[in-house]
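Chemist: Sharing structure.cif below, mmCIF, C-alpha atoms:
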```cif
data_structure
#
loop_
_atom_site.label_atom_id
_atom_site.label_comp_id
_atom_site.auth_asym_id
_atom_site.auth_seq_id
_atom_site.Cartn_x
_atom_site.Cartn_y
_atom_site.Cartn_z
CA MET A 165 -2.24 1.37 19.93
CA PRO A 166 -1.76 4.53 22.03
CA ARG A 167 -2.02 4.06 25.77
CA GLN A 168 -4.76 5.78 27.72
CA SER A 169 -3.72 9.34 28.52
CA GLY A 170 -2.83 10.33 32.03
CA ILE A 171 0.18 11.28 34.15
CA GLY A 172 0.65 7.79 35.49
CA MET A 173 4.40 7.68 34.97
CA LEU A 174 6.18 4.40 35.51
CA MET A 175 9.42 6.26 36.14
CA ASP A 176 10.72 7.69 39.39
CA ALA A 177 8.82 10.83 40.40
CA ALA A 178 12.13 12.29 41.56
CA GLN A 179 13.21 12.61 37.92
CA ARG A 180 12.44 16.32 37.63
CA ARG A 181 15.29 17.62 35.45
CA LEU A 182 15.33 17.91 31.67
CA ALA A 183 17.44 19.84 29.18
CA VAL A 184 17.99 20.53 25.52
CA LEU A 185 21.53 19.64 24.41
CA GLY A 186 23.35 21.11 21.44
CA SER A 187 25.77 23.72 20.16
CA PRO A 188 25.09 26.58 19.74
CA ILE A 189 22.13 26.42 22.10
CA SER A 190 21.48 29.94 23.42
CA HIS A 191 18.83 30.63 20.76
CA SER A 192 16.75 27.52 21.50
CA GLN A 193 13.04 28.00 22.12
CA SER A 194 12.70 24.51 23.59
CA PRO A 195 12.74 25.74 27.22
CA ALA A 196 9.79 28.03 26.47
CA LEU A 197 7.80 25.22 24.84
CA HIS A 198 8.52 22.59 27.45
CA GLY A 199 8.17 24.96 30.38
CA ALA A 200 4.70 25.97 29.20
CA ALA A 201 3.68 22.33 28.82
CA TYR A 202 4.78 21.24 32.27
CA ARG A 203 3.17 24.25 33.94
CA ALA A 204 -0.08 23.45 32.14
CA LEU A 205 0.17 19.86 33.39
CA GLY A 206 0.88 20.98 36.96
CA LEU A 207 4.37 19.46 36.98
CA ASP A 208 7.15 21.16 38.91
CA TRP A 209 9.91 20.17 36.50
CA GLU A 210 13.06 21.99 35.40
CA TYR A 211 14.01 22.29 31.73
CA GLU A 212 17.23 24.06 30.77
CA ARG A 213 19.74 24.57 27.97
CA GLN A 214 23.12 22.83 27.99
CA GLU A 215 25.92 23.70 25.56
CA ILE A 216 27.17 20.24 24.56
CA THR A 217 29.37 19.19 21.64
CA GLU A 218 29.90 15.80 20.03
CA GLN A 219 33.13 15.51 22.02
CA THR A 220 31.45 16.10 25.40
CA LEU A 221 28.11 14.34 24.78
CA GLN A 222 28.84 10.87 26.15
CA GLU A 223 30.62 12.11 29.26
CA PHE A 224 27.76 14.50 29.99
CA ILE A 225 25.07 11.84 29.64
CA ASP A 226 27.05 9.19 31.53
CA SER A 227 27.56 11.53 34.49
CA ARG A 228 23.91 12.52 35.05
CA GLY A 229 22.37 11.66 38.39
CA PRO A 230 19.02 10.01 39.24
CA GLU A 231 17.19 13.34 39.18
CA TRP A 232 17.45 13.51 35.38
CA ARG A 233 14.47 12.42 33.26
CA GLY A 234 15.80 13.02 29.76
CA PHE A 235 17.01 15.32 27.01
CA SER A 236 15.93 17.00 23.83
CA ILE A 237 18.76 16.61 21.33
CA THR A 238 19.53 19.21 18.70
CA MET A 239 22.34 19.90 16.26
CA PRO A 240 25.05 18.73 15.97
CA LEU A 241 24.21 15.76 18.18
CA LYS A 242 21.34 13.99 16.40
CA GLN A 243 23.56 11.29 14.95
CA ALA A 244 26.21 11.17 17.68
CA VAL A 245 23.63 10.31 20.35
CA ILE A 246 22.36 7.13 18.66
CA PRO A 247 25.09 4.73 19.94
CA LEU A 248 24.27 5.83 23.50
CA PHE A 249 20.74 4.34 23.45
CA ASP A 250 19.81 0.96 24.91
CA GLU A 251 16.70 0.86 22.73
CA ARG A 252 15.28 3.13 20.07
CA ASP A 253 12.23 3.95 18.03
CA PRO A 254 12.25 2.54 14.45
CA LEU A 255 12.23 6.09 13.07
CA VAL A 256 15.73 6.57 14.48
CA ASP A 257 17.03 3.84 12.19
CA LEU A 258 14.88 5.01 9.28
CA THR A 259 16.34 8.53 9.44
CA GLY A 260 19.73 7.97 11.03
CA ALA A 261 18.85 10.74 13.49
CA ALA A 262 17.42 11.06 17.00
CA ASN A 263 16.28 14.05 19.01
CA THR A 264 14.95 12.59 22.27
CA LEU A 265 16.54 10.58 25.09
CA LEU A 266 14.55 9.24 28.04
CA PHE A 267 15.99 7.66 31.18
CA ASP A 268 13.50 4.87 31.88
CA ARG A 269 14.21 2.54 34.80
CA GLY A 270 17.91 2.29 34.10
CA ARG A 271 17.63 2.21 30.32
CA ARG A 272 18.25 4.94 27.76
CA ARG A 273 15.45 5.05 25.22
CA GLY A 274 15.70 7.08 22.02
CA TRP A 275 13.16 8.60 19.63
CA ASN A 276 12.93 10.75 16.56
CA THR A 277 10.04 13.23 16.86
CA ASP A 278 11.26 15.52 14.07
CA VAL A 279 9.41 13.55 11.40
CA PHE A 280 6.12 14.28 13.16
CA GLY A 281 7.27 17.89 13.50
CA ILE A 282 7.38 18.14 9.71
CA THR A 283 4.35 16.07 8.72
CA GLU A 284 1.82 17.78 10.98
CA PRO A 285 2.34 21.40 9.83
CA LEU A 286 2.22 20.17 6.23
CA ARG A 287 -1.06 18.33 6.91
CA ASN A 288 -2.48 21.42 8.59
CA ALA A 289 -1.56 23.46 5.51
CA GLY A 290 -3.64 21.11 3.37
CA LEU A 291 -0.68 19.19 1.95
CA THR A 292 -2.13 15.80 2.77
CA HIS A 293 -0.75 14.25 -0.41
CA ILE A 294 2.61 15.22 -1.88
CA ASP A 295 3.85 13.87 -5.19
CA ARG A 296 7.33 15.35 -5.39
CA ALA A 297 9.41 17.27 -2.85
CA LEU A 298 12.62 19.27 -2.81
CA VAL A 299 14.77 19.22 0.32
CA LEU A 300 17.50 21.82 0.73
CA GLY A 301 20.44 20.59 2.79
CA GLY A 302 21.89 17.16 3.47
CA GLY A 303 22.10 16.77 7.23
CA ALA A 304 20.05 15.00 9.88
CA THR A 305 17.02 17.26 9.45
CA ALA A 306 17.06 16.58 5.71
CA ALA A 307 16.83 12.85 6.46
CA CYS A 308 13.79 13.55 8.63
CA ALA A 309 12.27 15.66 5.87
CA ILE A 310 12.61 12.79 3.38
CA ALA A 311 10.79 10.44 5.76
CA ALA A 312 8.13 13.07 6.46
CA VAL A 313 7.23 13.87 2.85
CA HIS A 314 7.27 10.16 2.03
CA ARG A 315 4.66 9.61 4.73
CA LEU A 316 2.54 12.16 2.88
CA GLY A 317 2.87 10.29 -0.39
CA ALA A 318 6.07 11.56 -2.01
CA ASP A 319 7.95 8.78 -3.75
CA ARG A 320 10.32 11.16 -5.55
CA VAL A 321 12.54 13.53 -3.59
CA THR A 322 15.29 15.83 -4.78
CA VAL A 323 17.96 16.78 -2.25
CA ALA A 324 20.01 19.86 -3.04
CA VAL A 325 23.34 20.45 -1.32
CA ARG A 326 26.45 22.49 -1.92
CA THR A 327 28.57 19.34 -2.38
CA PRO A 328 26.45 16.42 -3.68
CA ALA A 329 28.83 13.74 -2.39
CA ARG A 330 28.02 14.81 1.17
CA ALA A 331 24.44 13.65 0.68
CA ASP A 332 25.43 10.10 -0.29
CA TRP A 333 24.64 8.88 3.23
CA LEU A 334 20.96 9.66 2.53
CA ARG A 335 20.73 7.21 -0.38
CA PRO A 336 20.36 3.96 1.63
CA LEU A 337 17.87 5.67 3.94
CA ALA A 338 15.75 6.70 0.95
CA GLU A 339 16.12 3.28 -0.65
CA ALA A 340 14.86 1.59 2.51
CA GLN A 341 11.69 3.67 2.17
CA ARG A 342 11.43 3.02 -1.58
CA VAL A 343 11.91 6.70 -2.27
CA GLU A 344 13.47 7.68 -5.59
CA LEU A 345 16.20 10.09 -4.48
CA GLU A 346 17.92 12.57 -6.76
CA VAL A 347 20.86 14.56 -5.40
CA ARG A 348 21.78 17.85 -7.03
CA SER A 349 24.01 20.82 -6.45
CA LEU A 350 22.31 23.92 -5.07
CA ALA A 351 23.39 25.60 -8.31
CA GLU A 352 21.34 23.20 -10.47
CA LEU A 353 17.74 23.74 -9.46
CA ASP A 354 16.28 25.62 -12.41
CA ASP A 355 14.17 22.73 -13.71
CA VAL A 356 13.20 21.06 -10.42
CA GLN A 357 9.45 20.62 -9.96
CA SER A 358 7.99 20.07 -6.50
CA ASP A 359 4.84 20.49 -4.44
CA VAL A 360 6.80 21.49 -1.37
CA VAL A 361 10.29 22.76 -0.60
CA VAL A 362 11.70 21.94 2.83
CA SER A 363 14.69 24.11 3.67
CA THR A 364 17.04 22.71 6.31
CA ILE A 365 19.85 25.15 5.50
CA PRO A 366 21.04 27.38 8.36
CA ASN A 367 19.68 30.89 8.05
CA GLY A 368 22.09 33.43 6.61
CA SER A 369 24.45 31.03 4.89
CA THR A 370 25.99 32.14 1.60
CA VAL A 371 24.13 29.55 -0.45
CA ASP A 372 20.93 30.52 1.31
CA LEU A 373 21.12 34.04 -0.06
CA GLN A 374 21.51 32.83 -3.66
CA LEU A 375 18.80 30.18 -3.78
CA HIS A 376 15.80 32.36 -4.59
CA GLU A 377 17.06 32.92 -8.13
CA ARG A 378 16.87 29.17 -8.88
CA LEU A 379 13.58 28.18 -7.27
CA THR A 380 9.97 28.50 -8.27
CA HIS A 381 7.83 30.12 -5.60
CA GLU A 382 4.70 28.22 -6.63
CA ALA A 383 5.52 25.40 -4.21
CA THR A 384 4.93 25.75 -0.48
CA LEU A 385 8.13 26.51 1.43
CA PHE A 386 8.61 24.90 4.84
CA GLU A 387 11.49 26.84 6.37
CA VAL A 388 12.87 24.84 9.28
CA ALA A 389 15.00 27.72 10.59
CA TYR A 390 13.05 30.17 12.72
CA LYS A 391 15.35 32.82 14.13
CA PRO A 392 15.46 35.57 13.08
CA TRP A 393 12.16 35.50 11.23
CA PRO A 394 11.58 35.78 8.39
CA THR A 395 14.75 34.06 7.25
CA SER A 396 16.32 35.23 4.01
CA ILE A 397 14.68 32.47 1.96
CA ALA A 398 11.31 32.99 3.65
CA ALA A 399 11.43 36.74 3.05
CA VAL A 400 12.05 36.30 -0.68
CA TRP A 401 9.38 33.61 -0.92
CA LEU A 402 6.81 35.80 0.80
CA ALA A 403 7.71 38.80 -1.36
CA ALA A 404 7.07 36.67 -4.44
CA GLY A 405 3.60 35.80 -3.13
CA GLY A 406 4.49 32.27 -2.09
CA ARG A 407 3.24 30.36 0.93
CA VAL A 408 5.68 29.80 3.79
CA LEU A 409 5.37 27.57 6.85
CA HIS A 410 7.16 28.90 9.94
CA GLY A 411 10.00 26.83 11.40
CA LEU A 412 8.50 27.20 14.87
CA GLU A 413 5.67 24.95 13.71
CA MET A 414 8.11 22.07 13.37
CA LEU A 415 9.66 22.89 16.73
CA ALA A 416 6.27 22.99 18.45
CA TYR A 417 4.98 19.71 17.05
CA GLN A 418 8.17 17.77 17.68
CA ALA A 419 8.21 19.19 21.22
CA LEU A 420 4.62 18.04 21.80
CA VAL A 421 5.65 14.44 21.16
CA GLN A 422 8.71 14.89 23.37
CA VAL A 423 6.43 16.03 26.19
CA ARG A 424 4.33 12.89 25.70
CA ILE A 425 7.51 10.83 25.98
CA PHE A 426 8.85 12.62 29.05
CA VAL A 427 5.48 12.60 30.83
CA GLN A 428 4.07 9.22 29.78
CA GLY A 429 6.97 7.26 28.32
CA ASP A 430 5.01 6.84 25.09
CA ALA A 431 5.17 8.96 21.93
CA GLU A 432 1.61 8.02 20.94
CA ALA A 433 -0.16 8.48 24.28
CA PRO A 434 -2.07 11.79 24.24
CA LEU A 435 -1.51 14.11 27.17
CA PRO A 436 -4.34 14.97 29.55
CA ASP A 437 -6.30 17.79 27.86
CA GLU A 438 -3.67 17.83 25.11
CA PRO A 439 -5.26 20.59 22.97
CA ALA A 440 -5.12 23.01 25.91
CA VAL A 441 -1.53 22.03 26.71
CA PHE A 442 -0.48 22.51 23.09
CA ALA A 443 -2.22 25.88 22.96
CA LYS A 444 -0.10 27.02 25.92
CA MET A 445 3.04 25.76 24.19
CA ARG A 446 2.22 27.66 21.00
CA GLU A 447 1.40 30.79 22.95
CA ALA A 448 4.79 30.61 24.69
CA VAL A 449 6.64 31.03 21.37
CA GLY A 450 4.21 33.43 19.71
CA LEU A 451 2.50 31.02 17.31
CA GLU A 452 -1.10 31.59 16.29
CA GLN A 453 -3.64 29.15 17.68
#
```
Using structure tokens, write down the structure that the file contains.
Modeler:
Amino acid sequence: MPRQSGIGMLMDAAQRRLAVLGSPISHSQSPALHGAAYRALGLDWEYERQEITEQTLQEFIDSRGPEWRGFSITMPLKQAVIPLFDERDPLVDLTGAANTLLFDRGRRRGWNTDVFGITEPLRNAGLTHIDRALVLGGGATAACAIAAVHRLGADRVTVAVRTPARADWLRPLAEAQRVELEVRSLAELDDVQSDVVVSTIPNGSTVDLQLHERLTHEATLFEVAYKPWPTSIAAVWLAAGGRVLHGLEMLAYQALVQVRIFVQGDAEAPLPDEPAVFAKMREAVGLEQ
């Protein structure tokens, strides 16, 4: 059960520093989202970007001082960070990916909030029950997408990647959720049927520019990439009259749960006046209320 909301942190009040870690990181909108949340909550916290690679991740985390509260974790670190946790949310094991680290009384706690970041925009779009889904890409975000659409009812998921063998690591994750997983090449999508397409492919990639010829635009597209907008896939989808969900929606919802974790130490504990806080977060990145 969620704890009662409030800013009654059990952690040291001196823990005022936070950052998003990844590479490249200069485009990240996480500082805007988190900054808006902490201002709305009356917290004088710092949230910054840090360019960190898989090679420098452990040294960076190990060398942080007592003023650090935690980190948002983005690509390419969502798998590399997992061995650095002392304890972790079950979704981390279910997806093989994590995006949140909290320093909590000497322990490193890990979460995956990306699954929530995908399910909630889909629910808000009326996709409360999905039968079949298509996921483009085979990385950590694709694993989160499989878990997300499964939570909305999908028991059959097709994953499309440039090289199918690179998606083999997703098979045991899908099997653990009793999801029937089909892996295809991005060039073999002509007969794929789905209620929703979740694209986790970086914007502007070569395969990205060729996909529209192989996909039906009757399904809703959830485009995880968000900058620049519209992405190439989103632009074609919109031109064909299809419905597209903005990648910033995922970013905003996963950030909301991260704020809960950083403020309350609990992913399920609502923030004080959470709707107003979330409205400020959305406003900070230009999302409609």
Chemist: Between atom CA of Ala329 of chain A and atom CA of Leu353 of chain A, what is the distance in Å, rounded to a tenth?
Modeler: 16.5 Å
Chemist: With distances taken over all atoms listed in the file, which residue among A:Ser363, A:Gln222, A:Thr264, A:Gln214 lies nearest Phe235 of chain A?
Modeler: A:Thr264
Chemist: To one decimal place in Å, what is the distance between atom CA of Asp226 of chain A and atom CA of Arg273 of chain A?
Modeler: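 About the pair atom CA of Asp226 of chain A and atom CA of Arg273 of chain A: they are 13.8 Å apart.
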Chemist: Find the residues near Glu210 of chain A: any atom within 8 Å, counting only C-alpha atoms, skip ones fewer than 3 places away on the same chain, and give them as a list in words.
Modeler: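 Final neighbour list, sorted by chain and number: Arg180, Arg181, Leu182, Ala183 and Gly199 of chain A.
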Chemist: Atom CA of Phe280 of chain A to atom CA of Glu223 of chain A: how many Å, to one decimal?
Modeler: 29.4 Å
Chemist: Show me, as a PyMOL selection string, the residues that have an atom within 8 Å of Phe249 of chain A when counting all atoms listed in the file, minus same-chain residues fewer than 3 positions from it.
Modeler: chain A and resi 245-246+252+265+271-274
Chemist: Pull C-alpha atoms from the residues just selected and write them as a short mmCIF file (atom, residue, chain, number, x, y, z; two decimals), in the frame of the given file.
Modeler:
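File produced: result03.cif:
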```cif
data_model
loop_
_atom_site.label_atom_id
_atom_site.label_comp_id
_atom_site.auth_asym_id
_atom_site.auth_seq_id
_atom_site.Cartn_x
_atom_site.Cartn_y
_atom_site.Cartn_z
CA VAL A 245 23.63 10.31 20.35
CA ILE A 246 22.36 7.13 18.66
CA ARG A 252 15.28 3.13 20.07
CA LEU A 265 16.54 10.58 25.09
CA ARG A 271 17.63 2.21 30.32
CA ARG A 272 18.25 4.94 27.76
CA ARG A 273 15.45 5.05 25.22
CA GLY A 274 15.70 7.08 22.02
#
```
Chemist: Expand the PyMOL selection byres ((chain A and resi 238) around 10) into the explicit residue set it covers here, and present it as a PDB file with C-alpha atoms, in the frame of the given file.
Modeler:
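Once written, part03.pdb looks like this:
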```pdb
ATOM      1  CA  VAL A 184      17.990  20.530  25.520  1.00  0.00           C
ATOM      2  CA  LEU A 185      21.530  19.640  24.410  1.00  0.00           C
ATOM      3  CA  GLY A 186      23.350  21.110  21.440  1.00  0.00           C
ATOM      4  CA  SER A 187      25.770  23.720  20.160  1.00  0.00           C
ATOM      5  CA  PRO A 188      25.090  26.580  19.740  1.00  0.00           C
ATOM      6  CA  ILE A 189      22.130  26.420  22.100  1.00  0.00           C
ATOM      7  CA  SER A 192      16.750  27.520  21.500  1.00  0.00           C
ATOM      8  CA  SER A 194      12.700  24.510  23.590  1.00  0.00           C
ATOM      9  CA  ILE A 216      27.170  20.240  24.560  1.00  0.00           C
ATOM     10  CA  PHE A 235      17.010  15.320  27.010  1.00  0.00           C
ATOM     11  CA  SER A 236      15.930  17.000  23.830  1.00  0.00           C
ATOM     12  CA  ILE A 237      18.760  16.610  21.330  1.00  0.00           C
ATOM     13  CA  MET A 239      22.340  19.900  16.260  1.00  0.00           C
ATOM     14  CA  PRO A 240      25.050  18.730  15.970  1.00  0.00           C
ATOM     15  CA  LEU A 241      24.210  15.760  18.180  1.00  0.00           C
ATOM     16  CA  LYS A 242      21.340  13.990  16.400  1.00  0.00           C
ATOM     17  CA  GLN A 243      23.560  11.290  14.950  1.00  0.00           C
ATOM     18  CA  VAL A 245      23.630  10.310  20.350  1.00  0.00           C
ATOM     19  CA  ALA A 261      18.850  10.740  13.490  1.00  0.00           C
ATOM     20  CA  ALA A 262      17.420  11.060  17.000  1.00  0.00           C
ATOM     21  CA  ASN A 263      16.280  14.050  19.010  1.00  0.00           C
ATOM     22  CA  THR A 264      14.950  12.590  22.270  1.00  0.00           C
ATOM     23  CA  ALA A 304      20.050  15.000   9.880  1.00  0.00           C
ATOM     24  CA  THR A 305      17.020  17.260   9.450  1.00  0.00           C
TER      25      THR A 305
END
```
Chemist: Using only C-alpha atoms, determine which residues lie at most 10 Å from Gln422 of chain A, disregarding the query and same-chain residues fewer than 5 positions distant; provide the list as a ChimeraX atom specification.
Modeler: /A:198,234-236,263-266,275-278,416-417,427-431
Chemist: Can you list, as a list of chain:residue names, every protein, DNA or RNA residue that comes within 9 Å of Gln341 of chain A when you count only C-alpha atoms, leaving out same-chain residues fewer than 5 positions away?
Modeler: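 Neighbouring residues, sequence-local ones excluded: A:Leu258, A:Ala311, A:His314, A:Asp319, A:Pro336.
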Chemist: Write out as a VMD selection string which residues come within 12 Å of segment 344-350 of chain A when counting only C-alpha atoms, dropping same-chain ones fewer than 2 positions away.
Modeler: chain A and resid 295 to 302 306 to 307 310 to 311 314 318 to 342 352 to 356 363 365 370 to 379
Chemist: Using only C-alpha atoms, can you tell me which of A:Ala177, A:Glu438, A:Val313, A:Thr395 comes closest to Arg287 of chain A?
Modeler: A:Val313
Chemist: Closest to Ser358 of chain A among A:Asp257, A:Ile294, A:Thr283, A:Gly303, using only C-alpha atoms?
Modeler: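 Ranked by minimum distance to Ser358 of chain A, first place goes to A:Ile294.
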